[in-house]
file entry.cif (mmCIF, C-alpha atoms)
data_structure
#
loop_
_atom_site.label_atom_id
_atom_site.label_comp_id
_atom_site.auth_asym_id
_atom_site.auth_seq_id
_atom_site.Cartn_x
_atom_site.Cartn_y
_atom_site.Cartn_z
CA MET A 1445 0.00 0.00 0.00
CA THR A 1446 1.36 3.41 -0.90
CA SER A 1447 1.85 6.17 1.62
CA ASP A 1448 -0.66 8.27 -0.32
CA ARG A 1449 -3.26 5.57 0.12
CA ILE A 1450 -2.51 5.33 3.82
CA ASP A 1451 -2.87 9.09 4.16
CA GLU A 1452 -6.17 8.94 2.31
CA LEU A 1453 -7.50 6.22 4.59
CA ILE A 1454 -6.39 8.03 7.72
CA ALA A 1455 -8.08 11.19 6.46
CA LEU A 1456 -11.29 9.26 5.86
CA ALA A 1457 -11.03 7.67 9.30
CA ALA A 1458 -10.65 11.11 10.84
CA LEU A 1459 -13.67 12.28 8.88
CA GLY A 1460 -15.64 9.26 10.06
CA GLU A 1461 -16.21 8.27 6.47
CA LEU A 1462 -14.47 4.93 6.04
CA SER A 1463 -16.44 2.27 4.23
CA VAL A 1464 -16.32 -1.25 5.61
CA GLU A 1465 -13.84 -2.24 2.91
CA GLU A 1466 -11.67 0.81 3.58
CA HIS A 1467 -11.87 0.11 7.28
CA ASP A 1468 -10.52 -3.38 6.71
CA GLU A 1469 -7.81 -2.04 4.43
CA LEU A 1470 -6.64 0.41 7.07
CA ASP A 1471 -7.02 -2.16 9.82
CA ASP A 1472 -4.80 -4.58 7.93
CA ALA A 1473 -2.21 -1.90 7.18
CA ALA A 1474 -2.11 -0.77 10.80
CA HIS A 1475 -1.83 -4.36 11.93
CA ARG A 1476 1.23 -4.82 9.75
CA ASP A 1477 2.85 -1.51 10.65
CA GLN A 1478 2.52 0.01 14.11
CA LYS A 1479 3.63 3.36 12.74
CA ILE A 1480 0.45 3.54 10.70
CA GLY A 1481 -1.59 2.76 13.79
CA ALA A 1482 0.24 5.51 15.66
CA GLU A 1483 -0.40 7.99 12.86
CA LEU A 1484 -4.07 7.08 12.90
CA ASP A 1485 -4.24 7.55 16.66
CA GLU A 1486 -2.58 10.95 16.35
CA ALA A 1487 -4.99 12.07 13.66
CA LEU A 1488 -8.01 11.02 15.70
CA ALA A 1489 -6.61 12.72 18.78
CA ALA A 1490 -6.17 15.93 16.80
CA VAL A 1491 -9.77 15.76 15.60
CA ALA A 1492 -10.98 15.23 19.15
CA ALA A 1493 -8.90 18.18 20.34
CA ILE A 1494 -10.46 20.40 17.70
CA GLN A 1495 -13.96 19.34 18.67
CA ARG A 1496 -13.60 19.27 22.45
CA PRO A 1497 -14.02 23.04 22.90
CA TYR A 1498 -17.35 22.81 21.17
CA ALA A 1499 -18.86 20.71 23.90
CA GLU A 1500 -22.52 21.39 24.36
CA GLU A 1501 -24.58 19.85 27.11
CA PRO A 1502 -27.50 17.81 25.80
CA PRO A 1503 -30.98 18.19 27.26
CA PRO A 1504 -31.14 16.72 30.79
CA ALA A 1505 -33.79 14.20 29.79
CA LEU A 1506 -31.31 12.45 27.54
CA ARG A 1507 -29.36 11.22 30.54
CA SER A 1508 -32.23 9.20 31.97
CA SER A 1509 -33.11 7.92 28.54
CA VAL A 1510 -29.56 6.67 27.94
CA LEU A 1511 -29.28 5.12 31.39
CA ALA A 1512 -32.61 3.38 30.93
CA GLU A 1513 -31.56 1.91 27.61
CA ILE A 1514 -28.34 0.41 28.86
CA THR A 1515 -30.17 -1.57 31.49
CA SER A 1516 -31.51 -3.74 28.69
CA THR A 1517 -28.38 -3.62 26.51
CA PRO A 1518 -25.93 -6.50 26.91
CA GLN A 1519 -22.26 -5.71 26.72
CA ASP A 1520 -19.99 -7.27 24.13
CA LEU A 1521 -17.47 -9.77 25.36
CA VAL A 1522 -14.92 -8.14 23.12
CA VAL A 1523 -11.41 -7.88 24.40
CA ASP A 1524 -9.74 -6.72 21.19
CA GLY A 1525 -7.64 -3.76 22.24
CA GLY A 1526 -9.30 -4.11 25.60
CA VAL A 1527 -8.62 -2.21 28.73
CA GLY A 1528 -5.33 -2.93 30.37
CA PRO A 1529 -2.81 -5.70 30.16
CA ALA A 1530 -5.17 -8.59 30.71
CA SER A 1531 -6.51 -8.21 27.21
CA GLY A 1532 -3.22 -9.40 25.80
CA THR A 1533 -4.03 -7.80 22.49
CA ALA A 1534 -2.58 -4.34 22.86
CA GLU A 1535 -1.16 -4.60 19.38
CA ARG A 1536 -4.63 -4.69 17.92
CA PRO A 1537 -4.31 -1.71 15.62
CA ALA A 1538 -7.71 -0.26 15.18
CA GLY A 1539 -9.43 -0.52 18.51
CA ILE A 1540 -10.49 3.08 18.27
CA ILE A 1541 -12.29 2.85 15.00
CA VAL A 1542 -13.45 -0.72 14.96
CA SER A 1543 -17.05 -0.92 16.01
CA PHE A 1544 -18.87 -4.15 16.47
CA GLU A 1545 -21.02 -3.10 13.55
CA ALA A 1546 -17.94 -2.85 11.38
CA GLU A 1547 -16.69 -6.16 12.64
CA HIS A 1548 -20.13 -7.59 12.09
CA ALA A 1549 -20.32 -6.20 8.58
CA ARG A 1550 -16.80 -7.35 7.85
CA ARG A 1551 -17.73 -10.90 8.71
CA ARG A 1552 -20.43 -10.83 6.12
CA PHE A 1553 -17.73 -10.23 3.53
CA ARG A 1554 -15.69 -13.27 4.42
CA PRO A 1555 -17.19 -16.03 2.32
CA GLY A 1556 -13.98 -18.01 2.64
CA LEU A 1557 -14.62 -18.57 6.30
CA LEU A 1558 -18.14 -19.67 5.68
CA ALA A 1559 -16.82 -22.06 3.09
CA ALA A 1560 -14.44 -23.34 5.73
CA ALA A 1561 -17.42 -23.69 8.00
CA ALA A 1562 -19.17 -25.85 5.49
CA VAL A 1563 -16.12 -28.07 5.38
CA ALA A 1564 -15.99 -28.20 9.15
CA LEU A 1565 -19.60 -29.23 9.32
CA PHE A 1566 -18.81 -32.45 7.61
CA PHE A 1567 -15.37 -33.31 8.93
CA VAL A 1568 -15.39 -32.44 12.60
CA GLY A 1569 -16.35 -35.09 15.05
CA GLY A 1570 -17.17 -35.02 18.72
CA VAL A 1571 -19.86 -32.38 18.54
CA ALA A 1572 -23.35 -32.36 17.16
CA LEU A 1573 -23.36 -30.34 13.98
CA VAL A 1574 -26.13 -29.59 11.57
CA ALA A 1575 -25.89 -28.31 8.02
CA THR A 1576 -28.84 -25.96 8.32
CA ASN A 1577 -31.28 -24.74 10.91
CA ASP A 1578 -34.89 -25.85 10.83
CA ASP A 1579 -35.77 -22.77 8.85
CA GLY A 1580 -33.08 -23.56 6.31
CA SER A 1581 -30.69 -20.85 7.44
CA ASP A 1582 -27.00 -21.36 7.92
CA PRO A 1583 -26.53 -22.08 11.65
CA ILE A 1584 -23.18 -20.32 11.74
CA SER A 1585 -24.49 -17.18 10.10
CA ALA A 1586 -27.45 -17.33 12.46
CA VAL A 1587 -25.07 -16.79 15.38
CA ILE A 1588 -22.82 -14.27 13.65
CA ASP A 1589 -25.74 -12.22 12.36
CA ALA A 1590 -27.84 -12.46 15.52
CA PRO A 1591 -28.74 -9.02 16.88
CA ASP A 1592 -27.29 -9.92 20.26
CA ALA A 1593 -24.08 -11.44 18.89
CA THR A 1594 -21.01 -10.59 20.92
CA VAL A 1595 -17.42 -11.37 20.11
CA ARG A 1596 -14.30 -12.24 22.03
CA SER A 1597 -10.84 -12.64 20.52
CA LEU A 1598 -8.52 -15.17 22.07
CA ALA A 1599 -4.83 -14.44 22.47
CA GLY A 1600 -1.83 -16.56 23.34
CA GLU A 1601 0.62 -18.78 21.55
CA ILE A 1602 -1.73 -18.92 18.64
CA ASP A 1603 -3.60 -15.92 17.32
CA GLY A 1604 -6.52 -15.62 15.02
CA ILE A 1605 -9.26 -17.34 16.99
CA THR A 1606 -12.45 -15.42 17.62
CA VAL A 1607 -15.51 -16.62 19.45
CA ILE A 1608 -18.89 -15.15 18.60
CA TYR A 1609 -21.71 -15.82 21.04
CA SER A 1610 -25.43 -15.26 20.74
CA ALA A 1611 -27.61 -15.78 23.79
CA SER A 1612 -30.72 -15.83 21.64
CA GLU A 1613 -29.23 -18.64 19.58
CA GLY A 1614 -27.87 -20.33 22.69
CA ALA A 1615 -24.76 -21.04 20.70
CA LEU A 1616 -21.30 -19.82 19.91
CA VAL A 1617 -19.16 -19.92 16.81
CA VAL A 1618 -15.42 -20.46 16.82
CA GLU A 1619 -13.89 -18.66 13.90
CA GLY A 1620 -10.24 -18.61 12.99
CA ASP A 1621 -7.67 -17.86 10.33
CA GLY A 1622 -4.08 -18.91 9.95
CA LEU A 1623 -4.21 -21.71 12.47
CA ALA A 1624 -1.66 -24.50 12.44
CA VAL A 1625 -3.04 -27.45 10.55
CA LEU A 1626 -3.12 -30.54 12.76
CA ASP A 1627 -2.50 -34.08 11.68
CA ASP A 1628 -5.11 -36.76 12.28
CA THR A 1629 -3.81 -37.57 15.74
CA ALA A 1630 -4.62 -34.17 17.24
CA THR A 1631 -7.42 -31.66 17.57
CA TYR A 1632 -8.06 -28.28 19.13
CA GLN A 1633 -10.46 -28.20 22.04
CA LEU A 1634 -12.36 -25.24 23.43
CA TRP A 1635 -12.98 -24.96 27.16
CA LEU A 1636 -15.04 -22.86 29.54
CA VAL A 1637 -13.06 -22.32 32.71
CA GLY A 1638 -14.59 -21.13 35.95
CA ASP A 1639 -14.21 -21.56 39.68
CA ASP A 1640 -15.20 -25.18 39.42
CA GLY A 1641 -12.68 -26.05 36.76
CA ALA A 1642 -12.85 -26.55 33.04
CA THR A 1643 -15.76 -27.76 30.97
CA SER A 1644 -15.29 -28.86 27.39
CA VAL A 1645 -17.25 -27.00 24.76
CA GLY A 1646 -16.04 -29.25 21.97
CA THR A 1647 -13.28 -29.93 19.53
CA PHE A 1648 -12.52 -28.25 16.27
CA ARG A 1649 -10.03 -28.60 13.46
CA PRO A 1650 -8.99 -26.04 10.87
CA ASP A 1651 -9.16 -26.88 7.22
CA ALA A 1652 -6.13 -27.26 4.99
CA ASP A 1653 -5.77 -23.48 4.83
CA GLY A 1654 -5.82 -23.10 8.59
CA ALA A 1655 -9.33 -21.66 8.67
CA VAL A 1656 -12.20 -22.74 10.84
CA ALA A 1657 -15.75 -21.59 11.52
CA GLN A 1658 -17.69 -23.96 13.70
CA ARG A 1659 -20.84 -23.67 15.76
CA PHE A 1660 -21.33 -25.15 19.22
CA ALA A 1661 -24.89 -25.27 20.51
CA ASP A 1662 -26.28 -25.17 24.06
CA VAL A 1663 -23.37 -23.18 25.40
CA ASP A 1664 -23.37 -20.12 27.66
CA PRO A 1665 -19.84 -18.71 28.01
CA ILE A 1666 -20.84 -15.67 30.07
CA GLY A 1667 -18.75 -15.49 33.22
CA PHE A 1668 -16.16 -17.99 32.03
CA VAL A 1669 -12.68 -17.73 30.61
CA LEU A 1670 -12.46 -19.29 27.19
CA GLY A 1671 -9.40 -21.41 26.48
CA VAL A 1672 -8.09 -23.49 23.62
CA THR A 1673 -5.78 -26.45 24.00
CA GLN A 1674 -4.38 -29.06 21.68
CA GLU A 1675 -5.60 -32.52 22.53
CA PRO A 1676 -5.41 -36.02 21.11
CA ALA A 1677 -7.90 -36.73 18.35
CA GLY A 1678 -11.38 -36.97 19.80
CA GLY A 1679 -10.62 -34.55 22.59
CA SER A 1680 -9.87 -34.94 26.29
CA GLU A 1681 -11.91 -34.90 29.45
CA SER A 1682 -9.68 -32.25 30.99
CA PRO A 1683 -7.52 -29.62 29.31
CA THR A 1684 -3.87 -30.25 28.63
CA LEU A 1685 -1.24 -27.57 28.96
CA PRO A 1686 -0.13 -25.38 27.38
CA ILE A 1687 -3.13 -23.14 26.91
CA LEU A 1688 -2.69 -22.04 23.33
CA ALA A 1689 -5.13 -19.12 23.44
CA SER A 1690 -7.47 -17.67 25.99
CA ALA A 1691 -9.61 -14.71 26.84
CA MET B 1410 2.31 -31.41 28.49
CA THR B 1411 0.86 -31.42 31.97
CA ALA B 1412 -2.70 -31.44 33.14
CA LEU B 1413 -4.20 -28.04 33.70
CA ALA B 1414 -4.38 -27.03 37.33
CA ALA B 1415 -7.03 -24.60 38.47
CA VAL B 1416 -4.93 -21.65 37.41
CA TRP B 1417 -7.50 -19.75 35.42
CA MET B 1418 -9.60 -17.16 37.10
CA PRO B 1419 -13.18 -16.45 36.29
CA LEU B 1420 -13.47 -13.72 33.72
CA ASP B 1421 -14.43 -10.99 36.16
CA ARG B 1422 -11.41 -11.61 38.37
CA ALA B 1423 -9.08 -11.83 35.42
CA HIS B 1424 -9.94 -8.35 34.24
CA PRO B 1425 -7.64 -5.48 34.95
CA TRP B 1426 -9.89 -3.32 37.05
CA HIS B 1427 -8.68 -5.29 40.00
CA HIS B 1428 -5.17 -4.06 39.29
CA ASP B 1429 -3.68 -0.79 40.40
CA PRO B 1430 -5.03 2.10 38.39
CA ILE B 1431 -2.83 3.51 35.68
CA ALA B 1432 -1.23 6.73 36.82
CA SER B 1433 -1.98 9.25 34.12
CA PRO B 1434 -4.02 12.39 33.62
CA ARG B 1435 -6.69 10.15 32.16
CA THR B 1436 -6.86 7.91 35.18
CA ASP B 1437 -10.36 8.98 36.18
CA HIS B 1438 -11.83 8.34 32.78
CA VAL B 1439 -9.90 5.12 32.39
CA SER B 1440 -11.01 3.93 35.80
CA LEU B 1441 -14.58 4.68 34.92
CA MET B 1442 -14.19 2.81 31.65
CA GLN B 1443 -12.78 -0.18 33.46
CA ARG B 1444 -15.78 -0.21 35.76
CA VAL B 1445 -18.10 0.22 32.80
CA GLN B 1446 -16.47 -2.77 31.19
CA ALA B 1447 -17.39 -4.71 34.31
CA GLY B 1448 -21.01 -3.71 33.81
CA ASP B 1449 -21.07 -1.00 36.47
CA ASP B 1450 -23.96 1.24 35.50
CA ASP B 1451 -23.11 3.80 38.18
CA ALA B 1452 -19.72 4.23 36.56
CA PHE B 1453 -21.43 4.54 33.21
CA ALA B 1454 -23.64 7.30 34.58
CA ALA B 1455 -20.55 9.11 35.83
CA LEU B 1456 -18.87 8.64 32.47
CA TYR B 1457 -21.97 10.00 30.77
CA ASP B 1458 -21.75 13.10 32.92
CA GLU B 1459 -18.11 13.51 31.91
CA LEU B 1460 -18.58 13.00 28.19
CA ALA B 1461 -22.13 14.03 27.33
CA GLY B 1462 -21.07 17.54 26.39
CA VAL B 1463 -18.27 16.59 24.03
CA VAL B 1464 -20.26 13.80 22.44
CA PHE B 1465 -23.38 15.88 21.94
CA GLY B 1466 -21.26 18.76 20.70
CA ALA B 1467 -19.42 16.59 18.19
CA VAL B 1468 -22.64 15.08 16.93
CA LYS B 1469 -24.39 18.39 16.67
CA ARG B 1470 -21.53 19.92 14.68
CA VAL B 1471 -22.35 17.40 11.99
CA LEU B 1472 -26.11 17.09 12.25
CA ARG B 1473 -27.23 20.53 13.43
CA ASP B 1474 -30.68 19.24 14.16
CA PRO B 1475 -31.02 19.10 17.98
CA ALA B 1476 -33.53 16.26 18.09
CA MET B 1477 -31.52 14.12 15.71
CA SER B 1478 -28.38 14.97 17.64
CA GLU B 1479 -30.01 13.71 20.80
CA GLU B 1480 -30.90 10.44 19.12
CA VAL B 1481 -27.39 9.93 17.81
CA THR B 1482 -25.85 10.93 21.14
CA GLN B 1483 -27.95 8.24 22.77
CA GLU B 1484 -26.75 5.74 20.16
CA VAL B 1485 -23.15 6.72 20.87
CA PHE B 1486 -23.49 6.18 24.60
CA VAL B 1487 -25.21 2.86 24.14
CA GLU B 1488 -22.35 1.87 21.85
CA ILE B 1489 -19.86 3.01 24.50
CA TRP B 1490 -21.63 0.81 27.01
CA ARG B 1491 -21.86 -2.16 24.68
CA THR B 1492 -18.32 -2.00 23.32
CA ALA B 1493 -16.51 -0.73 26.40
CA ALA B 1494 -14.15 -3.70 26.27
CA ARG B 1495 -12.69 -2.37 23.04
CA PHE B 1496 -11.32 0.77 24.63
CA ASP B 1497 -7.53 0.79 24.80
CA PRO B 1498 -6.04 3.52 27.02
CA GLU B 1499 -2.68 3.04 25.34
CA ARG B 1500 -4.12 4.29 22.10
CA ALA B 1501 -6.42 7.15 22.97
CA SER B 1502 -8.08 9.06 25.72
CA VAL B 1503 -11.63 8.12 26.56
CA SER B 1504 -12.91 11.36 25.11
CA THR B 1505 -11.02 10.84 21.85
CA TRP B 1506 -12.55 7.40 21.60
CA ALA B 1507 -16.01 8.77 22.28
CA ILE B 1508 -15.64 11.72 19.92
CA THR B 1509 -14.39 9.45 17.15
CA MET B 1510 -17.43 7.26 17.66
CA ALA B 1511 -19.70 10.30 17.77
CA ARG B 1512 -18.36 11.70 14.53
CA ARG B 1513 -18.68 8.38 12.73
CA ARG B 1514 -22.24 7.81 13.91
CA ALA B 1515 -23.23 11.36 13.02
CA VAL B 1516 -21.78 10.97 9.54
CA ASP B 1517 -23.64 7.70 9.16
CA ARG B 1518 -26.85 9.47 10.11
CA VAL B 1519 -26.20 12.23 7.62
CA ARG B 1520 -25.68 9.68 4.92
CA ARG B 1521 -28.94 8.05 5.78
CA GLU B 1522 -31.21 10.96 6.42
CA GLN B 1523 -29.96 14.24 5.08
CA SER B 1524 -30.01 15.19 1.46
CA GLN B 1525 -27.04 16.75 -0.21
CA ARG B 1526 -29.10 19.83 -0.81
CA ASP B 1527 -29.78 20.30 2.87
CA ARG B 1528 -26.10 20.08 3.60
CA ILE B 1529 -25.11 22.69 1.04
CA GLU B 1530 -27.78 25.10 2.18
CA ARG B 1531 -26.45 25.34 5.67
CA SER B 1532 -25.28 28.79 6.46
CA ALA B 1533 -21.60 29.51 6.60
CA ALA B 1534 -22.43 31.55 9.67
CA GLN B 1535 -22.89 28.31 11.55
CA ARG B 1536 -19.16 27.94 11.71
CA ALA B 1537 -18.64 30.91 13.98
CA PRO B 1538 -19.38 29.80 17.52
CA ALA B 1539 -19.59 33.33 18.94
CA GLY B 1540 -23.28 33.71 18.19
CA ASP B 1541 -24.25 30.66 20.15
CA SER B 1542 -24.68 31.09 23.87
CA THR B 1543 -23.16 27.70 24.63
CA ASP B 1544 -20.31 28.31 22.28
CA ASP B 1545 -19.73 31.72 23.85
CA THR B 1546 -18.69 29.83 26.92
CA VAL B 1547 -16.47 27.28 25.31
CA VAL B 1548 -14.70 29.71 23.02
CA ALA B 1549 -13.56 31.57 26.08
CA SER B 1550 -11.92 28.47 27.40
CA ILE B 1551 -8.23 27.83 27.37
CA GLU B 1552 -8.78 24.77 25.26
CA ALA B 1553 -10.61 26.74 22.63
CA GLU B 1554 -7.85 29.32 22.51
CA ARG B 1555 -5.27 26.62 22.12
CA VAL B 1556 -7.20 25.09 19.26
CA ALA B 1557 -7.75 28.46 17.64
CA ARG B 1558 -4.04 29.24 17.82
CA ALA B 1559 -3.10 25.90 16.35
CA LEU B 1560 -5.60 26.30 13.54
CA ALA B 1561 -4.39 29.81 12.82
CA GLU B 1562 -0.88 28.48 12.28
CA LEU B 1563 -2.02 26.17 9.51
CA PRO B 1564 -1.70 27.19 5.88
CA GLU B 1565 -4.95 28.81 4.84
CA GLU B 1566 -5.96 26.06 2.43
CA GLN B 1567 -5.59 23.42 5.13
CA ARG B 1568 -7.20 25.50 7.86
CA VAL B 1569 -10.33 26.10 5.80
CA VAL B 1570 -10.78 22.43 5.05
CA ILE B 1571 -10.11 21.39 8.66
CA GLU B 1572 -12.62 23.92 9.97
CA MET B 1573 -15.24 22.88 7.47
CA ALA B 1574 -14.74 19.22 8.30
CA PHE B 1575 -14.46 19.29 12.06
CA ILE B 1576 -16.09 22.52 13.17
CA ASP B 1577 -18.79 22.91 10.54
CA GLY B 1578 -19.19 19.14 10.41
CA ASP B 1579 -19.07 18.88 6.62
CA SER B 1580 -18.33 15.67 4.80
CA HIS B 1581 -15.39 15.68 2.45
CA SER B 1582 -17.72 15.52 -0.53
CA ASP B 1583 -19.57 18.59 0.75
CA ILE B 1584 -16.28 20.41 1.14
CA ALA B 1585 -15.16 19.42 -2.34
CA GLU B 1586 -18.38 20.71 -3.79
CA ARG B 1587 -18.41 23.97 -1.87
CA LEU B 1588 -14.75 24.72 -2.59
CA ASP B 1589 -14.85 23.27 -6.09
CA LEU B 1590 -11.96 20.95 -5.35
CA PRO B 1591 -11.31 17.32 -6.28
CA LEU B 1592 -12.15 14.87 -3.49
CA GLY B 1593 -8.54 13.74 -3.34
CA THR B 1594 -7.37 17.27 -2.73
CA VAL B 1595 -9.76 17.66 0.17
CA LYS B 1596 -8.62 14.42 1.76
CA GLY B 1597 -5.00 15.40 1.24
CA ARG B 1598 -5.51 18.75 2.93
CA VAL B 1599 -7.34 17.11 5.82
CA ARG B 1600 -4.46 14.70 6.29
CA LEU B 1601 -1.77 17.36 6.07
CA GLY B 1602 -3.66 19.67 8.39
CA LEU B 1603 -4.16 16.96 10.98
CA LYS B 1604 -0.51 15.98 10.83
CA LYS B 1605 0.49 19.53 11.63
CA LEU B 1606 -2.13 19.84 14.34
CA SER B 1607 -1.17 16.58 16.03
CA GLY B 1608 1.97 17.96 17.56
CA LYS B 1609 0.29 21.16 18.65
CA LEU B 1610 -2.87 19.73 20.14
CA GLY B 1611 -1.79 16.33 21.44
CA ALA B 1612 -3.68 14.29 23.96
CA ALA B 1613 -6.25 15.74 26.27
CA PRO B 1614 -8.36 14.29 29.06
#
call {"tool": "encode", "arguments": {"input": "entry.cif", "output": "structure tokens"}}
result
Amino acid sequence: MTSDRIDELIALAALGELSVEEHDELDDAAHRDQKIGAELDEALAAVAAIQRPYAEEPPPALRSSVLAEITSTPQDLVVDGGVGPASGTAERPAGIIVSFEAEHARRRFRPGLLAAAAVALFFVGGVALVATNDDGSDPISAVIDAPDATVRSLAGEIDGITVIYSASEGALVVEGDGLAVLDDTATYQLWLVGDDGATSVGTFRPDADGAVAQRFADVDPIGFVLGVTQEPAGGSESPTLPILASA
Amino acid sequence: MTALAAVWMPLDRAHPWHHDPIASPRTDHVSLMQRVQAGDDDAFAALYDELAGVVFGAVKRVLRDPAMSEEVTQEVFVEIWRTAARFDPERASVSTWAITMARRRAVDRVRREQSQRDRIERSAAQRAPAGDSTDDTVVASIEAERVARALAELPEEQRVVIEMAFIDGDSHSDIAERLDLPLGTVKGRVRLGLKKLSGKLGAAP
């Protein structure tokens, strides 16, 4: 990408006018080059500084309206660029400009992952998988596109695993890119870890390109740490160190 | 490989708001954000009180319409609540994060609901804050003077575009049309202007 193109994208980000595709382009560039991320941050800080003096208090009634709405609004599980060191993903380049909507929209433009999902539906064992929902919809898209979908990115020895959860679907989707391809003797296994120990969610395997998108039903990960381990084929009853990724 | 001992903490104990607060001028906002991330609605109310003015102001610069600005401001705060975990204090202040979100949502609303004609017809007088009672107050502030000085040091062609974009709230296509410039030129001037302003304005609470 040329420096002119980077400047153009940063200008559009500052203007709040990035398209989803441009957002991804800038996100990728910033991910590859921290200097670009720093330049973006500086530009956004300058915009905020320009606008801060023009603060104007909204009508008082707005406060109660906002506070009422959040009581029925679930929070995302997202930890991309999250607060403080526990997120483990401080290098995430576009935490300022990435909204869940953008992430959500971006996922709709990743047919490769959905293709990987289709492969996974037929080749992964150990979990109950269905090709379509009763209404004929894609069960993975049903979670990803659910209005209450929330997302959490796992970090650790391996990167690139994201978990999307929908309470209304009662299911989560493990999505990943660039994962190490395992031979037939091994599998990845996802765990929910709480005070009482670890509970297996299920096993998953990336396709030949290292991609995976797999749905696990009847799961509620709220309040648990998510962890991924490598286990013998078929999975294990308890997780085996090292923890490859967690959040 | 060894079997996993019970070394993982539940999510809420693993989160950093149980750690010592980060010592910085933004500690209060960051601390509030950390509590918001934990689902603390009292902290969110406090954060609202801190940021409502800058968010509403940023939105209104773009939308002008007070009722629509209220709606979008509410959307911004709900998004802040919902996506609090995305905030990274190493990258931006809380207010920068919120203002960025506000601007983007306001622009989205303009795209959806305002015609190009409405945008062009807005009076150039709207730029000057002195006629507005609220703006009378803020322009007198140190922050406003600092911004005004920094803007005044920009080359004229960059200053005009920056003011139109971030004080008038114009989109870059509006600016291109009003100034009869190519879109690329407008974006280039925005970028150059912001680069020069970055060093002068820096981070703020």
call {"tool": "atom_distance", "arguments": {"input": "entry.cif", "atom1": "atom CA of Ala1611 of chain A", "atom2": "atom CA of Ala1452 of chain B"}}
result
25.0 Å
call {"tool": "atom_distance", "arguments": {"input": "entry.cif", "atom1": "atom CA of Glu1613 of chain A", "atom2": "atom CA of Val1587 of chain A"}}
result
6.2 Å
call {"tool": "resolve_selection", "arguments": {"input": "entry.cif", "expression": "the PyMOL selection byres ((chain A and resi 1510) around 12)", "output": "compact mmCIF listing (two decimals) with C-alpha atoms, in the coordinates of the input"}}
result
# COMPACT_ATOMS: atom_id res chain seq x y z
CA PRO A 1502 -27.50 17.81 25.80
CA PRO A 1503 -30.98 18.19 27.26
CA PRO A 1504 -31.14 16.72 30.79
CA ALA A 1505 -33.79 14.20 29.79
CA LEU A 1506 -31.31 12.45 27.54
CA ARG A 1507 -29.36 11.22 30.54
CA SER A 1508 -32.23 9.20 31.97
CA SER A 1509 -33.11 7.92 28.54
CA LEU A 1511 -29.28 5.12 31.39
CA ALA A 1512 -32.61 3.38 30.93
CA GLU A 1513 -31.56 1.91 27.61
CA ILE A 1514 -28.34 0.41 28.86
CA THR A 1515 -30.17 -1.57 31.49
CA SER A 1516 -31.51 -3.74 28.69
CA THR A 1517 -28.38 -3.62 26.51
CA ASP B 1450 -23.96 1.24 35.50
CA PHE B 1453 -21.43 4.54 33.21
CA ALA B 1454 -23.64 7.30 34.58
CA LEU B 1456 -18.87 8.64 32.47
CA TYR B 1457 -21.97 10.00 30.77
CA ASP B 1458 -21.75 13.10 32.92
CA ALA B 1461 -22.13 14.03 27.33
CA GLU B 1479 -30.01 13.71 20.80
CA GLU B 1480 -30.90 10.44 19.12
CA VAL B 1481 -27.39 9.93 17.81
CA THR B 1482 -25.85 10.93 21.14
CA GLN B 1483 -27.95 8.24 22.77
CA GLU B 1484 -26.75 5.74 20.16
CA VAL B 1485 -23.15 6.72 20.87
CA PHE B 1486 -23.49 6.18 24.60
CA VAL B 1487 -25.21 2.86 24.14
CA GLU B 1488 -22.35 1.87 21.85
CA ILE B 1489 -19.86 3.01 24.50
CA TRP B 1490 -21.63 0.81 27.01
call {"tool": "atom_distance", "arguments": {"input": "entry.cif", "atom1": "atom CA of Ala1593 of chain A", "atom2": "atom CA of Val1617 of chain A"}}
result
10.0 Å
call {"tool": "resolve_selection", "arguments": {"input": "entry.cif", "expression": "the PyMOL selection byres ((chain A and resi 1600-1607) around 9)", "output": "number ranges by chain"}}
result
A: 1532, 1594-1599, 1608-1609, 1616-1624, 1656, 1670, 1686-1691
call {"tool": "closest_residue", "arguments": {"input": "entry.cif", "among": "A:Gly1481, A:Gly1671, A:Pro1676, A:Pro1497", "to": "chain B", "atoms": "only C-alpha atoms"}}
result
A:Pro1497
call {"tool": "closest_residue", "arguments": {"input": "entry.cif", "among": "B:Thr1594, B:Ser1607, B:Ser1478, B:Ser1582", "to": "chain A", "atoms": "all atoms listed in the file"}}
result
B:Ser1607
call {"tool": "closest_residue", "arguments": {"input": "entry.cif", "among": "A:Ala1493, A:Ala1474, A:Met1445, A:Ile1584", "to": "chain B", "atoms": "only C-alpha atoms"}}
result
A:Ala1493
call {"tool": "resolve_selection", "arguments": {"input": "entry.cif", "expression": "the PyMOL selection byres ((chain B and resi 1600) around 10)", "output": "ChimeraX atom specification"}}
result
/A:1448,1450-1456,1458-1459,1487 /B:1567,1571,1594-1599,1601-1606
call {"tool": "residues_around", "arguments": {"input": "entry.cif", "residues": "Gln1495 of chain A", "least_positions_apart": "5", "cutoff": "7 Å", "atoms": "only C-alpha atoms", "output": "ChimeraX atom specification"}}
result
/B:1467,1575-1576
call {"tool": "closest_residue", "arguments": {"input": "entry.cif", "among": "B:Glu1586, B:Asp1437, B:Glu1499, B:Glu1566", "to": "chain A", "atoms": "all atoms listed in the file"}}
result
B:Glu1499
call {"tool": "closest_residue", "arguments": {"input": "entry.cif", "among": "B:Ala1455, B:Leu1592, B:Arg1500, B:Arg1521", "to": "chain A", "atoms": "all atoms listed in the file"}}
result
B:Arg1500
call {"tool": "closest_residue", "arguments": {"input": "entry.cif", "among": "A:Ala1492, A:Leu1626, A:Val1464, A:Leu1470", "to": "chain B", "atoms": "all atoms listed in the file"}}
result
A:Ala1492
